[in-house]
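Trainee: Let me begin by handing over the structure; questions about it come next.
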Amino acid sequence: MRLSTGRWVTGDNFFGRKVELEQLESLVRDRNSVLLTGQRRVGKTSIARELGCRMKADGWTFLFADVEDATSPEEFVTEIAKATHPILRKWSRIDWSDIWLGRWVEGVSVTEFGVKFRAQVTSGNWQRRGEALFSKCAKHGKPMLFVIDELPIFLRNMLGEDDVHPPVRNFLSWFRRVVQDLEATDNPPAFIVSGSIGLEGLARRIGASDRINHLYSYRLGPWTRDECVACFRRLAQSVGLPTEEGVANEVWEKLGLGIPHHVQTFVARLHEYYKRASINKITADDVDLVYRTYLLGPPGQNDLVHYEARLRDALDDDGNTLATEILAEASVRGHFTLKAWRSLEKLYEYDIENVAKRIEETLEILAYDGYIERDTDNEGKGRYLFASNLLKDWWRTRFLNHHVPLEKRHHGQSAEQADE
């Protein structure tokens, strides 16, 4: 098993997820269309690719399209065409006159095929040509798993800075119709749609929740403590990182949540520190030092800033404002309470339309993406806490010196009075 920070993994580098793979495989074999959800960096792309590799070994065709960089339906359809290139090559000639490329597909690279295909896709024919491509998948002969990754990012790209909703709603209506038409064929492909921002929240915001109800939602959760500890030990052994007893558990305590990417990153940073410090083995004190200076310090900023960037993708300007207020409050004060909620409403009641509903929606998105979770303790009284210590500590370092508690701003109270 190799360290692989920031990239999807399969095969020998894929760890755990036995139950999840079995459940997803069952859904795929029954030809369900699945919406794979889960917070960021939890391994959605990795598990989709690993499942695809396993299905391929069992005689299925596995296609994968990453549509993150697409900004229009024409570009989306082109990415689908590039993904289907392996099966199109097996046809002697593209026999659809409306997608005729003027040459044999055999011997043409994916890149060249994509360029030629894109040149013939327009705003007036992308639906027809996309339908023809998906129809080829149904007529392929073999059972097929088709993964479409980062669909929500593509839809966010379509919204653009002006947040224009109708084109996105129309696209989702078209995609739903295509999938449902394929389901009525003798050999329908199984689809898995996934992304690093939530499709459900985005669809709800633009009034299109009914246009994704054909997708079966499957949520991929974080690793358990035992899984994190076992993965840490295996990775440490693979890179030759000697550790004292209890270091793996100390890593879990620092992270507080089993995000596979964070475990990988922690091992990589500890290994970097081990090489530079010329020490015999990693201790619990070393874990604390690396956590503070590497993961939370400048070396870790690019990785953690990714979370803030993804929030901007998932939320509009008002939503980002509310999210920043909520995360600052929850990180600096340790919780976001109902009192803080009411104070936030009052602070923005004249600036944000329907602010109470917007706060509720923002909390749902933050919980969905793994930033915060509702306190299940009866004494919590509806408060929200950070799920990940790493994210909490990162946000806290950013706002500790200048965040004024929401209740203090609203009522003119001291922070101590606001806690009473």
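By convention here, the chains of the structure tokens are called A, B, ... in the order presented, each chain's residues are numbered starting at 1, and ligands are numbered starting at 1 in the order presented.
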When you look at region 209-216 of chain A with a cut-off of 8 Å (counting only C-alpha atoms), what residues show up, excluding the ones that are within fewer than 3 positions of it in the same chain? I need them as JSON, numbers by chain.

Mentor: {"A": [32, 33, 34, 35, 169, 172, 173, 176, 180, 200, 203, 204]}

Trainee: Write out as number ranges by chain each polymer residue whose atoms come within 7 Å of region 182-188 of chain A, counting only C-alpha atoms; drop sequence neighbours fewer than 4 positions from it.

Mentor: A: 31, 138, 143, 178

Trainee: Nearest residue to Val287 (chain A) out of A:Glu361, A:Asp369, A:Glu250, A:Glu272, using only C-alpha atoms?

Mentor: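 Closest to Val287 (chain A), using only C-alpha atoms: A:Glu250.
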
Trainee: Work out how far CA of Ile365 (chain A) is from CA of Gly201 (chain A), in Å to one decimal.

Mentor: 6.4 Å

Trainee: For each of A:Ile279, A:Leu406, A:Ile372, A:Cys228, take the minimum atom-to-atom distance to Leu338 (chain A), counting only C-alpha atoms, then give the residue where this is smallest.

Mentor: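 With only C-alpha atoms as the atom set, the closest residue is A:Leu406.
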
Trainee: Find the residues around Leu24 (chain A) up to 12 Å (only C-alpha atoms counted), leave out those fewer than 5 positions away in its own chain, and share them as a list in words.

Mentor: Arg17, Lys18, Val19, Arg29, Asp30, Arg31, Asn32, Ser33, Val34, Leu35, Leu36, Lys44, Ile47, Ala48, Arg49, Glu50, Leu51, Gly52, Arg54, Met55, Leu145, Ala190, Phe191, Ile192, Tyr216, Ser217, Tyr218, Arg219 and Leu220 of chain A

Trainee: With only C-alpha atoms as the basis for distance, which of A:Arg383, A:Val355, A:Gln23, A:Ile282 is at the shortest distance from Thr321 (chain A)?

Mentor: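 The closest residue to Thr321 (chain A) is A:Val355.
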
Trainee: My list of candidates is A:Ile80, A:Val121, A:Leu311, A:Pro260. Which is closest to Arg7 (chain A) when distances are computed with only C-alpha atoms?

Mentor: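 Closest candidate: A:Pro260.
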
Trainee: Hey, what's within 12 Å of Asn280 (chain A) if we count only C-alpha atoms and toss same-chain stuff fewer than 3 positions away? As a ChimeraX atom specification, please?

Mentor: /A:240-244,271,273-277,283,286

Trainee: Save the residues we just selected, C-alpha atoms, as a tab-separated table (two decimals), in the first residue's frame?

Mentor:
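Final output, selection-v3.tsv:
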```tsv
chain	number	residue	atom	x	y	z
A	240	GLY	CA	9.12	2.69	6.86
A	241	LEU	CA	7.87	5.10	9.54
A	242	PRO	CA	8.69	3.76	13.05
A	243	THR	CA	6.25	4.84	15.74
A	244	GLU	CA	5.87	4.43	19.49
A	271	HIS	CA	7.19	10.91	7.40
A	273	TYR	CA	9.19	15.39	9.70
A	274	TYR	CA	10.85	12.06	10.57
A	275	LYS	CA	13.30	12.41	7.70
A	276	ARG	CA	14.16	16.02	8.53
A	277	ALA	CA	14.47	15.61	12.30
A	283	THR	CA	6.22	9.85	19.49
A	286	ASP	CA	5.84	14.53	17.50
```

Trainee: For region 62-78 of chain A, list every protein, DNA or RNA residue within 9 Å, evaluated using only C-alpha atoms, and leave out those in the same chain fewer than 5 positions away; present the list as a VMD selection string.

Mentor: chain A and resid 49 52 to 53 55 to 56 83 to 84 86 114 to 115 117 to 118 121 to 123 125 to 127 129 to 130 133 143 to 160 171 195

Trainee: Give me, please, the distance in Å between CA of Glu373 (chain A) and CA of Val332 (chain A), quoted to one decimal.

Mentor: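 Going from CA of Glu373 (chain A) over to CA of Val332 (chain A), I get 15.8 Å.
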
Trainee: According to DSSP computed on the backbone, where in region 47-296 of chain A is there strand (DSSP E)? Give the residues as an MDAnalysis selection string.

Mentor: chainID A and resid 61:66 144:149 190:194 216:219

Trainee: For Val404 (chain A), which residue among A:Glu325, A:Glu131, A:Asp313, A:Asp375 is the nearest when counting only C-alpha atoms?

Mentor: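 Ranked by minimum distance to Val404 (chain A), first place goes to A:Glu325.
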
Trainee: For a test of reading the model, state the distance in Å between CA of Asp317 (chain A) and CA of Arg41 (chain A), rounded to one decimal.

Mentor: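 Interatomic distance, CA of Asp317 (chain A) to CA of Arg41 (chain A): 23.8 Å.
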
Trainee: With distances taken over only C-alpha atoms, which residue among A:Leu400, A:Lys142, A:Gly207, A:Val267 lies nearest Arg233 (chain A)?

Mentor: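 Closest candidate: A:Val267.
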
Trainee: I'd like the neighbourhood of Gly300 (chain A) as a ChimeraX atom specification, where a residue qualifies if any of its atoms comes within 10 Å (using only C-alpha atoms), though same-chain residues fewer than 6 positions away should be ignored.

Mentor: /A:265,269,291-294,394
